[in-house]
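Source file my_file_19.txt; content: compact mmCIF, C-alpha atoms and all ligand atoms.
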```
# COMPACT_ATOMS: atom_id res chain seq x y z
CA MET J 1 7.68 28.18 5.37
CA PRO J 2 10.94 29.09 7.15
CA PRO J 3 13.63 26.40 7.42
CA THR J 4 12.75 24.08 10.28
CA CYS J 5 14.81 21.99 12.66
CA PHE J 6 12.95 18.99 14.04
CA HIS J 7 14.98 17.92 17.03
CA HIS J 8 15.02 15.63 20.05
CA ALA J 9 13.96 12.54 18.10
CA ARG J 10 15.03 9.01 17.33
CA VAL J 11 15.04 8.62 13.56
CA ILE J 12 14.42 5.37 11.68
CA THR J 13 15.61 6.41 8.24
CA GLY J 14 13.79 3.70 6.26
CA ASP J 15 16.87 2.19 4.62
CA GLY J 16 16.45 -1.04 6.58
CA ARG J 17 19.49 -0.47 8.78
CA THR J 18 19.90 3.00 10.19
CA VAL J 19 18.54 4.45 13.43
CA VAL J 20 19.90 7.82 14.56
CA GLN J 21 19.58 8.55 18.27
CA ASP J 22 19.03 12.08 19.63
CA ALA J 23 18.73 13.28 16.07
CA GLY J 24 17.77 16.47 14.34
CA ILE J 25 16.26 16.86 10.88
CA LEU J 26 16.81 20.14 9.06
CA VAL J 27 14.13 20.95 6.52
CA ASP J 28 14.47 23.75 3.98
CA ALA J 29 11.84 26.23 2.82
CA ASP J 30 10.75 23.82 0.06
CA GLY J 31 10.04 20.99 2.50
CA LEU J 32 13.15 19.01 1.58
CA ILE J 33 15.55 17.56 4.13
CA SER J 34 18.84 19.49 4.00
CA ALA J 35 20.62 17.65 6.81
CA ILE J 36 19.98 14.88 9.26
CA GLY J 37 22.14 13.53 12.06
CA PRO J 38 22.92 13.54 15.75
CA ARG J 39 21.80 16.84 17.29
CA THR J 40 25.33 17.82 18.25
CA ALA J 41 26.56 17.49 14.67
CA LEU J 42 23.87 19.67 13.05
CA ARG J 43 24.41 23.32 12.15
CA VAL J 44 21.04 24.97 12.53
CA PRO J 45 20.74 28.15 10.42
CA ALA J 46 19.88 31.36 12.24
CA GLY J 47 16.15 32.08 12.08
CA ALA J 48 15.18 28.43 11.71
CA ARG J 49 11.93 27.37 13.34
CA ARG J 50 12.46 24.69 15.97
CA VAL J 51 10.11 21.79 16.56
CA ASP J 52 10.86 19.71 19.66
CA LEU J 53 9.71 16.14 19.05
CA GLY J 54 10.07 15.30 22.74
CA GLY J 55 12.14 12.13 22.35
CA ARG J 56 9.63 10.53 20.00
CA THR J 57 10.47 8.20 17.12
CA VAL J 58 10.30 9.38 13.52
CA MET J 59 10.04 7.14 10.47
CA PRO J 60 9.25 7.96 6.84
CA THR J 61 5.56 8.08 5.93
CA ILE J 62 4.16 4.92 4.35
CA ILE J 63 3.93 4.21 0.61
CA ASN J 64 1.32 1.62 -0.36
CA PRO J 65 1.41 0.45 -3.97
CA HIS J 66 -1.73 -1.72 -3.77
CA GLY J 67 -5.26 -0.75 -2.82
CA HIS J 68 -8.69 0.13 -4.24
CA LEU J 69 -10.13 3.62 -3.83
CA GLY J 70 -13.74 4.65 -3.64
CA TYR J 71 -15.62 1.42 -2.90
CA LEU J 72 -15.51 1.01 0.88
CA ARG J 73 -18.02 2.76 3.09
CA ASP J 74 -18.42 1.73 6.71
CA ALA J 75 -17.90 -2.04 6.47
CA THR J 76 -19.30 -2.50 2.95
CA VAL J 77 -17.44 -2.64 -0.34
CA SER J 78 -19.62 -1.93 -3.36
CA LYS J 79 -19.64 -0.04 -6.62
CA ASP J 80 -22.71 1.77 -5.26
CA ASN J 81 -20.42 3.52 -2.79
CA HIS J 82 -18.11 4.81 -5.50
CA SER J 83 -17.87 8.54 -6.07
CA ARG J 84 -15.22 11.19 -6.42
CA ALA J 85 -16.14 12.41 -2.92
CA ASN J 86 -15.61 8.93 -1.48
CA VAL J 87 -12.26 8.65 -3.26
CA LEU J 88 -11.19 11.96 -1.73
CA ASP J 89 -12.42 10.86 1.70
CA HIS J 90 -10.29 7.72 1.40
CA LEU J 91 -7.25 9.78 0.49
CA HIS J 92 -7.78 11.98 3.55
CA ARG J 93 -7.98 8.89 5.76
CA LEU J 94 -4.72 7.62 4.32
CA ALA J 95 -3.04 10.94 5.03
CA TYR J 96 -4.42 10.93 8.57
CA TYR J 97 -2.54 7.70 9.32
CA GLY J 98 0.64 8.81 7.60
CA VAL J 99 0.30 7.19 4.17
CA SER J 100 1.83 9.69 1.73
CA VAL J 101 1.69 7.76 -1.55
CA PHE J 102 -1.06 5.39 -2.63
CA GLN J 103 -1.63 3.36 -5.76
CA PRO J 104 -4.98 1.76 -6.52
CA LEU J 105 -4.51 -1.28 -8.73
CA GLY J 106 -6.83 -1.55 -11.66
CA THR J 107 -10.30 -0.59 -10.43
CA ASP J 108 -10.66 3.07 -11.40
CA ARG J 109 -14.22 4.09 -12.26
CA ASP J 110 -15.22 7.02 -14.49
CA ASP J 111 -11.53 8.02 -14.63
CA VAL J 112 -11.81 9.56 -11.15
CA GLU J 113 -8.32 8.38 -10.16
CA ILE J 114 -6.66 9.24 -13.47
CA THR J 115 -8.19 12.74 -13.42
CA LEU J 116 -7.22 13.43 -9.81
CA ARG J 117 -3.71 12.16 -10.42
CA ASP J 118 -3.30 14.28 -13.54
CA THR J 119 -4.48 17.36 -11.66
CA GLN J 120 -2.03 16.62 -8.84
CA ARG J 121 0.85 16.26 -11.27
CA SER J 122 -0.01 19.29 -13.37
CA GLY J 123 1.09 21.88 -10.83
CA PRO J 124 1.43 22.82 -7.19
CA PRO J 125 -1.05 20.77 -5.16
CA ALA J 126 -4.40 22.38 -4.40
CA ASP J 127 -4.39 20.34 -1.18
CA PRO J 128 -0.86 19.58 0.07
CA GLY J 129 -2.42 17.37 2.75
CA LEU J 130 -3.45 14.69 0.26
CA PRO J 131 -1.27 11.67 -0.48
CA SER J 132 0.35 11.53 -3.91
CA LEU J 133 -1.94 9.45 -6.06
CA PHE J 134 -0.66 6.82 -8.46
CA THR J 135 -3.07 4.62 -10.38
CA ALA J 136 -3.11 1.57 -12.59
CA GLY J 137 -6.35 2.85 -14.12
CA THR J 138 -8.45 -0.15 -15.08
CA GLY J 139 -7.01 -3.64 -15.46
CA LEU J 140 -7.45 -6.71 -17.66
CA VAL J 141 -9.13 -10.00 -16.96
CA ALA J 142 -10.23 -13.12 -18.86
CA PRO J 143 -13.91 -13.39 -19.80
CA THR J 144 -15.94 -16.25 -18.37
CA PRO J 145 -18.69 -16.94 -20.94
CA GLY J 146 -22.15 -16.86 -19.39
CA GLU J 147 -20.73 -15.59 -16.10
CA ILE J 148 -19.38 -12.45 -14.54
CA ASN J 149 -15.61 -12.25 -15.05
CA GLY J 150 -13.02 -13.05 -12.37
CA GLY J 151 -12.09 -9.43 -11.65
CA PRO J 152 -12.64 -8.01 -8.16
CA TYR J 153 -16.33 -8.35 -7.33
CA PHE J 154 -16.87 -4.62 -6.88
CA ALA J 155 -15.33 -3.77 -10.23
CA THR J 156 -16.15 -6.61 -12.65
CA ASP J 157 -17.91 -4.00 -14.81
CA VAL J 158 -14.92 -1.66 -15.18
CA VAL J 159 -12.14 -4.17 -15.90
CA HIS J 160 -11.49 -5.16 -19.52
CA GLU J 161 -12.10 -8.68 -20.73
CA VAL J 162 -9.43 -10.03 -23.07
CA ALA J 163 -9.56 -13.52 -24.60
CA VAL J 164 -6.79 -13.59 -27.21
CA PRO J 165 -3.30 -12.06 -27.49
CA ALA J 166 -4.30 -9.54 -30.19
CA GLY J 167 -7.18 -8.27 -28.04
CA ALA J 168 -4.90 -8.03 -25.03
CA ARG J 169 -2.40 -5.92 -26.96
CA ALA J 170 -5.11 -3.63 -28.34
CA THR J 171 -6.55 -3.14 -24.85
CA VAL J 172 -3.15 -2.30 -23.36
CA ARG J 173 -2.60 0.24 -26.15
CA ALA J 174 -5.98 1.83 -25.42
CA LEU J 175 -5.26 1.95 -21.68
CA ALA J 176 -1.83 3.43 -22.34
CA ARG J 177 -3.40 6.60 -23.71
CA LYS J 178 -4.30 7.59 -20.15
CA ARG J 179 -0.73 6.99 -19.00
CA PRO J 180 -1.51 4.71 -16.02
CA ASP J 181 1.34 4.09 -13.57
CA ALA J 182 1.06 0.35 -14.14
CA ILE J 183 -0.89 -2.19 -16.16
CA LYS J 184 -2.74 -4.59 -13.86
CA PHE J 185 -4.14 -7.97 -14.80
CA TRP J 186 -5.79 -10.81 -12.89
CA VAL J 187 -4.71 -14.45 -13.16
CA ASP J 188 -7.00 -16.14 -10.67
CA ASP J 189 -9.73 -18.69 -11.35
CA ARG J 190 -11.47 -17.76 -8.08
CA ARG J 191 -11.29 -21.31 -6.78
CA GLY J 192 -12.23 -22.91 -10.05
CA THR J 193 -15.27 -20.74 -10.76
CA ARG J 194 -13.86 -18.35 -13.38
CA ASN J 195 -11.55 -18.38 -16.37
CA LYS J 196 -8.08 -17.00 -16.09
CA PRO J 197 -6.08 -15.67 -19.02
CA ALA J 198 -4.04 -18.24 -20.94
CA PRO J 199 -0.24 -17.84 -20.73
CA GLU J 200 -0.07 -16.48 -24.29
CA VAL J 201 -2.65 -13.82 -23.36
CA TYR J 202 -0.84 -12.57 -20.27
CA ALA J 203 2.47 -12.76 -22.12
CA ALA J 204 0.95 -10.38 -24.69
CA ILE J 205 -0.24 -8.03 -21.92
CA ILE J 206 3.21 -7.91 -20.35
CA GLU J 207 5.05 -7.52 -23.65
CA GLU J 208 2.80 -4.71 -24.87
CA ALA J 209 2.99 -2.93 -21.49
CA HIS J 210 6.78 -3.07 -21.60
CA ARG J 211 6.94 -2.00 -25.24
CA LEU J 212 5.00 1.13 -24.26
CA GLY J 213 7.08 1.74 -21.13
CA PHE J 214 4.70 0.58 -18.39
CA LEU J 215 5.15 -1.74 -15.44
CA ALA J 216 3.04 -4.89 -15.52
CA VAL J 217 1.60 -6.17 -12.24
CA ALA J 218 -0.35 -9.41 -11.84
CA ARG J 219 -2.74 -10.71 -9.30
CA ILE J 220 -1.98 -14.39 -8.86
CA PHE J 221 -3.14 -17.00 -6.39
CA GLU J 222 -1.47 -20.25 -7.46
CA LEU J 223 2.24 -20.99 -7.42
CA ASP J 224 2.27 -22.14 -11.06
CA ASP J 225 0.63 -18.92 -12.24
CA ALA J 226 3.15 -16.84 -10.29
CA LYS J 227 5.97 -18.69 -12.01
CA GLY J 228 4.21 -18.28 -15.36
CA VAL J 229 3.83 -14.50 -15.14
CA LEU J 230 7.39 -14.12 -13.83
CA ARG J 231 8.79 -16.19 -16.69
CA ALA J 232 6.79 -13.99 -19.04
CA GLY J 233 8.56 -10.95 -17.56
CA VAL J 234 6.02 -9.45 -15.15
CA ASP J 235 7.43 -6.71 -12.90
CA GLY J 236 5.53 -7.55 -9.75
CA ILE J 237 3.03 -9.90 -8.21
CA ALA J 238 0.32 -8.20 -6.17
CA HIS J 239 -0.24 -11.04 -3.72
CA MET J 240 1.72 -13.88 -2.20
CA VAL J 241 1.17 -17.36 -3.60
CA ARG J 242 -1.29 -19.39 -1.59
CA SER J 243 -1.80 -22.63 -3.43
CA PRO J 244 0.73 -23.90 -2.48
CA GLY J 245 3.30 -21.54 -0.92
CA PRO J 246 6.58 -20.54 -2.59
CA ASP J 247 9.16 -23.13 -3.60
CA ALA J 248 12.85 -22.69 -4.41
CA GLU J 249 12.12 -22.07 -8.10
CA LEU J 250 9.74 -19.20 -7.33
CA ILE J 251 12.25 -17.61 -4.98
CA GLU J 252 14.83 -17.80 -7.74
CA LEU J 253 12.44 -16.16 -10.21
CA LEU J 254 11.78 -13.38 -7.69
CA GLN J 255 15.40 -12.62 -6.90
CA GLY J 256 17.08 -9.47 -8.14
CA ASP J 257 16.15 -5.82 -8.33
CA THR J 258 13.97 -6.01 -11.41
CA VAL J 259 10.98 -7.73 -9.84
CA PHE J 260 9.01 -7.32 -6.64
CA ALA J 261 6.55 -9.29 -4.54
CA CYS J 262 3.68 -7.67 -2.65
CA THR J 263 2.59 -8.97 0.74
CA SER J 264 -1.22 -8.53 0.96
CA MET J 265 -1.23 -10.59 4.16
CA GLY J 266 -3.37 -8.53 6.51
CA ILE J 267 -6.46 -8.90 4.33
CA GLN J 268 -6.35 -12.63 5.00
CA ARG J 269 -5.77 -12.19 8.72
CA THR J 270 -8.66 -9.76 9.12
CA ALA J 271 -11.01 -12.49 7.96
CA TYR J 272 -10.68 -14.45 11.18
CA ASP J 273 -8.45 -12.50 13.50
CA ASP J 274 -9.20 -11.78 17.08
CA SER J 275 -11.30 -8.65 16.79
CA GLY J 276 -9.47 -6.81 19.59
CA TRP J 277 -7.80 -4.50 17.09
CA LEU J 278 -11.20 -2.94 16.38
CA ASP J 279 -11.21 -1.51 19.90
CA GLU J 280 -8.00 0.41 19.45
CA PRO J 281 -8.48 4.16 19.85
CA ALA J 282 -6.60 4.76 16.58
CA VAL J 283 -9.20 2.69 14.72
CA ALA J 284 -12.17 4.31 16.42
CA GLU J 285 -10.90 7.70 15.25
CA THR J 286 -12.03 7.02 11.69
CA VAL J 287 -14.23 3.91 11.70
CA SER J 288 -17.75 4.23 13.04
CA ALA J 289 -18.96 2.13 15.96
CA ALA J 290 -21.53 0.51 13.67
CA ALA J 291 -18.91 -0.52 11.12
CA ARG J 292 -16.70 -1.96 13.86
CA ALA J 293 -19.64 -3.87 15.30
CA GLU J 294 -20.40 -5.31 11.88
CA VAL J 295 -16.86 -6.58 11.39
CA ARG J 296 -16.90 -8.06 14.88
CA ALA J 297 -20.17 -9.84 14.12
CA ARG J 298 -18.76 -11.27 10.90
CA ILE J 299 -15.75 -12.66 12.74
CA ALA J 300 -17.97 -14.06 15.49
CA ALA J 301 -20.19 -15.79 12.91
CA LEU J 302 -17.33 -17.90 11.54
CA SER J 303 -17.54 -21.60 12.30
CA PRO J 304 -14.57 -23.33 13.95
CA ALA J 305 -13.93 -25.01 10.58
CA ASP J 306 -13.84 -21.63 8.80
CA VAL J 307 -11.38 -20.31 11.35
CA ALA J 308 -9.18 -23.40 11.10
CA ALA J 309 -9.12 -23.12 7.30
CA ALA J 310 -8.30 -19.40 7.47
CA GLU J 311 -5.52 -20.04 9.97
CA ALA J 312 -4.04 -22.77 7.81
CA SER J 313 -4.01 -20.60 4.71
CA TYR J 314 -2.58 -17.69 6.69
CA ALA J 315 0.25 -19.93 7.90
CA VAL J 316 1.15 -20.48 4.21
CA LEU J 317 1.52 -16.70 3.82
CA GLU J 318 3.71 -16.36 6.90
CA GLU J 319 5.95 -19.19 5.79
CA GLY J 320 6.08 -17.67 2.32
CA LEU J 321 7.19 -14.31 3.67
CA ARG J 322 9.98 -15.97 5.64
CA ALA J 323 11.11 -17.71 2.44
CA TYR J 324 11.08 -14.34 0.62
CA VAL J 325 13.14 -12.70 3.36
CA ALA J 326 15.63 -15.57 3.47
CA GLY J 327 15.90 -15.46 -0.32
CA GLY J 328 16.53 -11.72 -0.48
CA VAL J 329 13.35 -11.01 -2.48
CA ARG J 330 12.34 -7.36 -2.91
CA VAL J 331 9.23 -7.42 -0.72
CA LEU J 332 6.77 -4.51 -0.85
CA LEU J 333 4.11 -3.75 1.70
CA SER J 334 0.74 -4.11 0.03
CA ALA J 335 -2.36 -3.69 2.11
CA ASP J 336 -5.06 -4.24 -0.54
CA THR J 337 -6.66 -1.30 1.24
CA GLY J 338 -10.29 -0.60 0.45
CA ALA J 339 -11.14 -4.25 -0.27
CA ARG J 340 -13.12 -6.25 2.31
CA THR J 341 -12.56 -4.45 5.63
CA GLN J 342 -9.12 -3.11 4.86
CA PHE J 343 -9.81 0.30 6.35
CA PHE J 344 -7.89 3.18 4.85
CA GLY J 345 -4.71 3.95 6.73
CA ILE J 346 -5.33 1.26 9.31
CA ALA J 347 -4.77 -1.61 6.88
CA GLU J 348 -1.28 -0.27 6.08
CA HIS J 349 -0.23 -0.31 9.73
CA ARG J 350 -1.71 -3.74 10.27
CA GLU J 351 0.17 -4.97 7.22
CA VAL J 352 3.53 -3.90 8.67
CA GLU J 353 2.49 -5.66 11.85
CA SER J 354 1.57 -8.82 9.93
CA MET J 355 4.99 -8.83 8.28
CA VAL J 356 6.83 -8.48 11.58
CA ARG J 357 4.68 -11.09 13.31
CA ALA J 358 5.57 -13.48 10.49
CA GLY J 359 9.23 -13.00 11.35
CA MET J 360 10.44 -10.12 9.20
CA PRO J 361 12.89 -7.89 11.10
CA VAL J 362 11.27 -4.55 12.04
CA LEU J 363 13.63 -2.28 10.13
CA GLN J 364 13.27 -4.43 7.02
CA ALA J 365 9.48 -4.37 7.27
CA ILE J 366 9.59 -0.58 7.54
CA ARG J 367 11.85 -0.43 4.49
CA SER J 368 9.25 -2.53 2.61
CA ALA J 369 6.71 0.14 3.51
CA THR J 370 8.90 3.12 2.58
CA GLU J 371 12.14 2.93 0.58
CA LEU J 372 11.33 -0.07 -1.61
CA PRO J 373 7.90 1.04 -2.84
CA ALA J 374 9.34 4.51 -3.52
CA GLU J 375 11.97 2.83 -5.67
CA VAL J 376 9.39 0.76 -7.58
CA LEU J 377 7.12 3.76 -8.16
CA GLY J 378 10.07 5.81 -9.38
CA LEU J 379 10.04 8.42 -6.61
CA PRO J 380 13.67 9.35 -5.97
CA ASP J 381 12.77 12.02 -3.40
CA ARG J 382 10.61 9.75 -1.20
CA GLY J 383 10.85 6.69 0.98
CA THR J 384 13.76 7.46 3.28
CA LEU J 385 14.78 10.27 5.59
CA ALA J 386 18.01 11.60 4.09
CA PRO J 387 19.33 14.85 2.62
CA GLY J 388 17.49 15.78 -0.59
CA LYS J 389 14.37 13.77 0.28
CA ARG J 390 10.97 15.24 1.02
CA ALA J 391 10.39 15.72 4.75
CA ASP J 392 7.48 13.25 4.94
CA LEU J 393 7.57 12.36 8.62
CA LEU J 394 5.54 9.93 10.67
CA VAL J 395 6.10 10.88 14.32
CA LEU J 396 5.36 8.08 16.80
CA ASP J 397 4.86 8.16 20.56
CA ALA J 398 6.81 4.93 20.97
CA ASP J 399 9.51 2.98 19.16
CA PRO J 400 8.18 0.34 16.74
CA ARG J 401 11.29 -1.74 17.39
CA ASP J 402 9.86 -2.47 20.85
CA ASP J 403 6.42 -3.37 19.50
CA ILE J 404 5.47 -3.02 15.85
CA ALA J 405 1.95 -1.91 16.88
CA HIS J 406 3.63 1.38 17.86
CA THR J 407 3.52 2.53 14.24
CA ARG J 408 -0.15 3.22 15.06
CA ALA J 409 0.75 5.42 18.06
CA ILE J 410 0.83 8.45 15.80
CA SER J 411 1.72 11.78 17.33
CA ALA J 412 1.98 13.81 14.12
CA VAL J 413 2.24 13.52 10.35
CA TYR J 414 4.24 15.92 8.18
CA PHE J 415 4.06 16.08 4.39
CA ALA J 416 6.97 18.08 2.92
CA GLY J 417 7.69 19.49 6.36
CA ARG J 418 4.13 20.73 6.95
CA ALA J 419 2.08 19.31 9.79
CA LEU J 420 -1.22 17.77 8.86
CA ASP J 421 -4.07 19.16 10.93
CA ARG J 422 -5.10 15.75 12.23
CA ALA J 423 -7.55 17.13 14.81
CA ARG J 424 -9.46 18.92 12.08
CA LEU J 425 -9.43 15.87 9.83
CA ARG J 426 -10.74 13.74 12.69
CA GLU J 427 -13.84 15.93 12.92
CA ARG J 428 -14.90 14.62 9.50
CA TRP J 429 -15.28 11.12 10.86
CA THR J 430 -16.38 11.64 14.42
CA ASP J 431 -19.08 14.26 13.87
CA GLY J 432 -22.42 13.11 15.18
CA THR J 433 -21.30 9.63 16.27
ZN ZN U 1 -6.26 -5.70 -4.75
```

Show me the file's structure as structure tokens.
Amino acid sequence: MPPTCFHHARVITGDGRTVVQDAGILVDADGLISAIGPRTALRVPAGARRVDLGGRTVMPTIINPHGHLGYLRDATVSKDNHSRANVLDHLHRLAYYGVSVFQPLGTDRDDVEITLRDTQRSGPPADPGLPSLFTAGTGLVAPTPGEINGGPYFATDVVHEVAVPAGARATVRALARKRPDAIKFWVDDRRGTRNKPAPEVYAAIIEEAHRLGFLAVARIFELDDAKGVLRAGVDGIAHMVRSPGPDAELIELLQGDTVFACTSMGIQRTAYDDSGWLDEPAVAETVSAAARAEVRARIAALSPADVAAAEASYAVLEEGLRAYVAGGVRVLLSADTGARTQFFGIAEHREVESMVRAGMPVLQAIRSATELPAEVLGLPDRGTLAPGKRADLLVLDADPRDDIAHTRAISAVYFAGRALDRARLRERWTDGT
């Protein structure tokens, strides 16, 4: 690939502050950004290819550190849908919508994710159009005697049940052999129906993960459990607290650059939201009419009481996010993609929208979807548009500062300076429908 100058663009760099007007981005032969700045200040090397972005807006591609690959098909999430082919299809969908890094959290099956990730990292990519895959492998959960455990319902058979600290440590050591990118565990009694690990058990998980050099990430639901895992040294919480929302003590525990809090808001909104988003052309490009109709029917079947309850619990999330922002918490976009009807690629964009609608400033929400997750995943060459970074570009027809829904008005996606053939990808999902 010859050096390329992308010009005539407005660039949102992803650092939470900077927008460069009438900008150019110089990309070298290796797909790295060599210079970025106002067009008039750039020295374009002779022989460089020029790509006119026609006044569009460019932001970094999205990095989502929380989802579940392989289980969703149409509008159904089930282990019966899981296959390597379905995992690959999900990755292609993510790429299509400009998600360049994705981390499933704890629900790998048959080592499909670990194997794909290891292949990706072992050499030049066989398919440069796939997102970079991270994975937490399989996670840990408390057993519930006589019942199915409290892991995610589509993966209760692949998560590991641990009841005592010694068992938790041994399981973490066994998982560590596959070098997962994080150790995930669930602390959620599923509204009083399941056991959750005792504090000494999750403390053992976290301690053993750290001793072996891994991040520890917890699913929590209740405020007290969030405080418990944070006091025990957890690196991140995969959801916002919902019962009740954050208090001053939680905000204090979450402050600083050593911990992070994931949003996972959109998944709650989808449960009751006005179904208008299902009619968007960008959604119809990858989600079949039948699947969209099914989601619409589910929303329509909710009783007024269900909707009122969902709205009330969603308001707790919105208020919680505002408290995080005011408290300077390191907030990461987390779309829980692939669970419920969190459609691949679409859920990420709706998550950014959820964050902004809750009151997060647009440039900060974009940073939570780009620079901050890159930092947490240890990717120094990703997450922002700056010299030395990979030219992973999401080119938008309109400025998301005017309306955050514009992140879905995708004109083009570039991974390492190479355009994704989105028209060809689209054929996979629109054939015969
Ligand atoms: Zn999840």

Please check which protein, DNA or RNA residues sit within 12 Å of ligand ZN 1 (chain U), counting only C-alpha atoms and all ligand atoms, and write them as a PyMOL selection string. chain J and resi 64-69+71+103-108+136+138-139+151-155+184-186+217-221+237-240+262-268+334-340+342

For Gly236 of chain J, please output as a PyMOL selection string all residues within 10 Å (counting all atoms listed in the file; exclusion window: fewer than 6 positions along the same chain). chain J and resi 184+215-219+226+229-230+254+258-262+330-332+376

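Distance check against Leu140 of chain J using only C-alpha atoms: of J:Thr430, J:Ile114, J:Val172, J:Val164, the minimum falls on J:Val172.
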
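We find atom CA of Thr13 of chain J and atom CA of Asp399 of chain J to be spaced 13.0 Å apart.
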
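If all atoms listed in the file are the atoms counted, then among J:Ala209, J:Gly233, J:Ser275, J:Phe102 the closest residue to Thr61 of chain J is J:Phe102.
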
Each segment 15-118 of chain J residue no farther than 12 Å from segment 284-295 of chain J, nearest pair in Å, all atoms listed in the file, as JSON lines:
```
{"residue": "J:Leu72", "atom": "CA", "partner": "J:Ala291", "partner_atom": "CA", "distance": 10.9}
{"residue": "J:Arg73", "atom": "CA", "partner": "J:Ala291", "partner_atom": "CA", "distance": 8.7}
{"residue": "J:Asp74", "atom": "CA", "partner": "J:Ala291", "partner_atom": "CA", "distance": 5.0}
{"residue": "J:Ala75", "atom": "CA", "partner": "J:Ala291", "partner_atom": "CA", "distance": 5.0}
{"residue": "J:Thr76", "atom": "CA", "partner": "J:Ala291", "partner_atom": "CA", "distance": 8.4}
{"residue": "J:Val77", "atom": "CA", "partner": "J:Ala291", "partner_atom": "CA", "distance": 11.7}
{"residue": "J:Asp89", "atom": "CA", "partner": "J:Thr286", "partner_atom": "CA", "distance": 10.7}
{"residue": "J:His90", "atom": "CA", "partner": "J:Thr286", "partner_atom": "CA", "distance": 10.5}
{"residue": "J:His92", "atom": "CA", "partner": "J:Thr286", "partner_atom": "CA", "distance": 10.4}
{"residue": "J:Arg93", "atom": "CA", "partner": "J:Thr286", "partner_atom": "CA", "distance": 7.4}
{"residue": "J:Leu94", "atom": "CA", "partner": "J:Thr286", "partner_atom": "CA", "distance": 10.4}
{"residue": "J:Ala95", "atom": "CA", "partner": "J:Thr286", "partner_atom": "CA", "distance": 11.9}
{"residue": "J:Tyr96", "atom": "CA", "partner": "J:Thr286", "partner_atom": "CA", "distance": 9.1}
{"residue": "J:Tyr97", "atom": "CA", "partner": "J:Thr286", "partner_atom": "CA", "distance": 9.8}
```

Take the selection from the previous step and output its residues with C-alpha atoms, as an mmCIF file, keeping the file's coordinate frame.
```cif
data_model
loop_
_atom_site.group_PDB
_atom_site.id
_atom_site.type_symbol
_atom_site.label_atom_id
_atom_site.label_comp_id
_atom_site.auth_asym_id
_atom_site.auth_seq_id
_atom_site.Cartn_x
_atom_site.Cartn_y
_atom_site.Cartn_z
ATOM 1 C CA LEU J 72 -15.510 1.010 0.880
ATOM 2 C CA ARG J 73 -18.020 2.760 3.090
ATOM 3 C CA ASP J 74 -18.420 1.730 6.710
ATOM 4 C CA ALA J 75 -17.900 -2.040 6.470
ATOM 5 C CA THR J 76 -19.300 -2.500 2.950
ATOM 6 C CA VAL J 77 -17.440 -2.640 -0.340
ATOM 7 C CA ASP J 89 -12.420 10.860 1.700
ATOM 8 C CA HIS J 90 -10.290 7.720 1.400
ATOM 9 C CA HIS J 92 -7.780 11.980 3.550
ATOM 10 C CA ARG J 93 -7.980 8.890 5.760
ATOM 11 C CA LEU J 94 -4.720 7.620 4.320
ATOM 12 C CA ALA J 95 -3.040 10.940 5.030
ATOM 13 C CA TYR J 96 -4.420 10.930 8.570
ATOM 14 C CA TYR J 97 -2.540 7.700 9.320
#
```
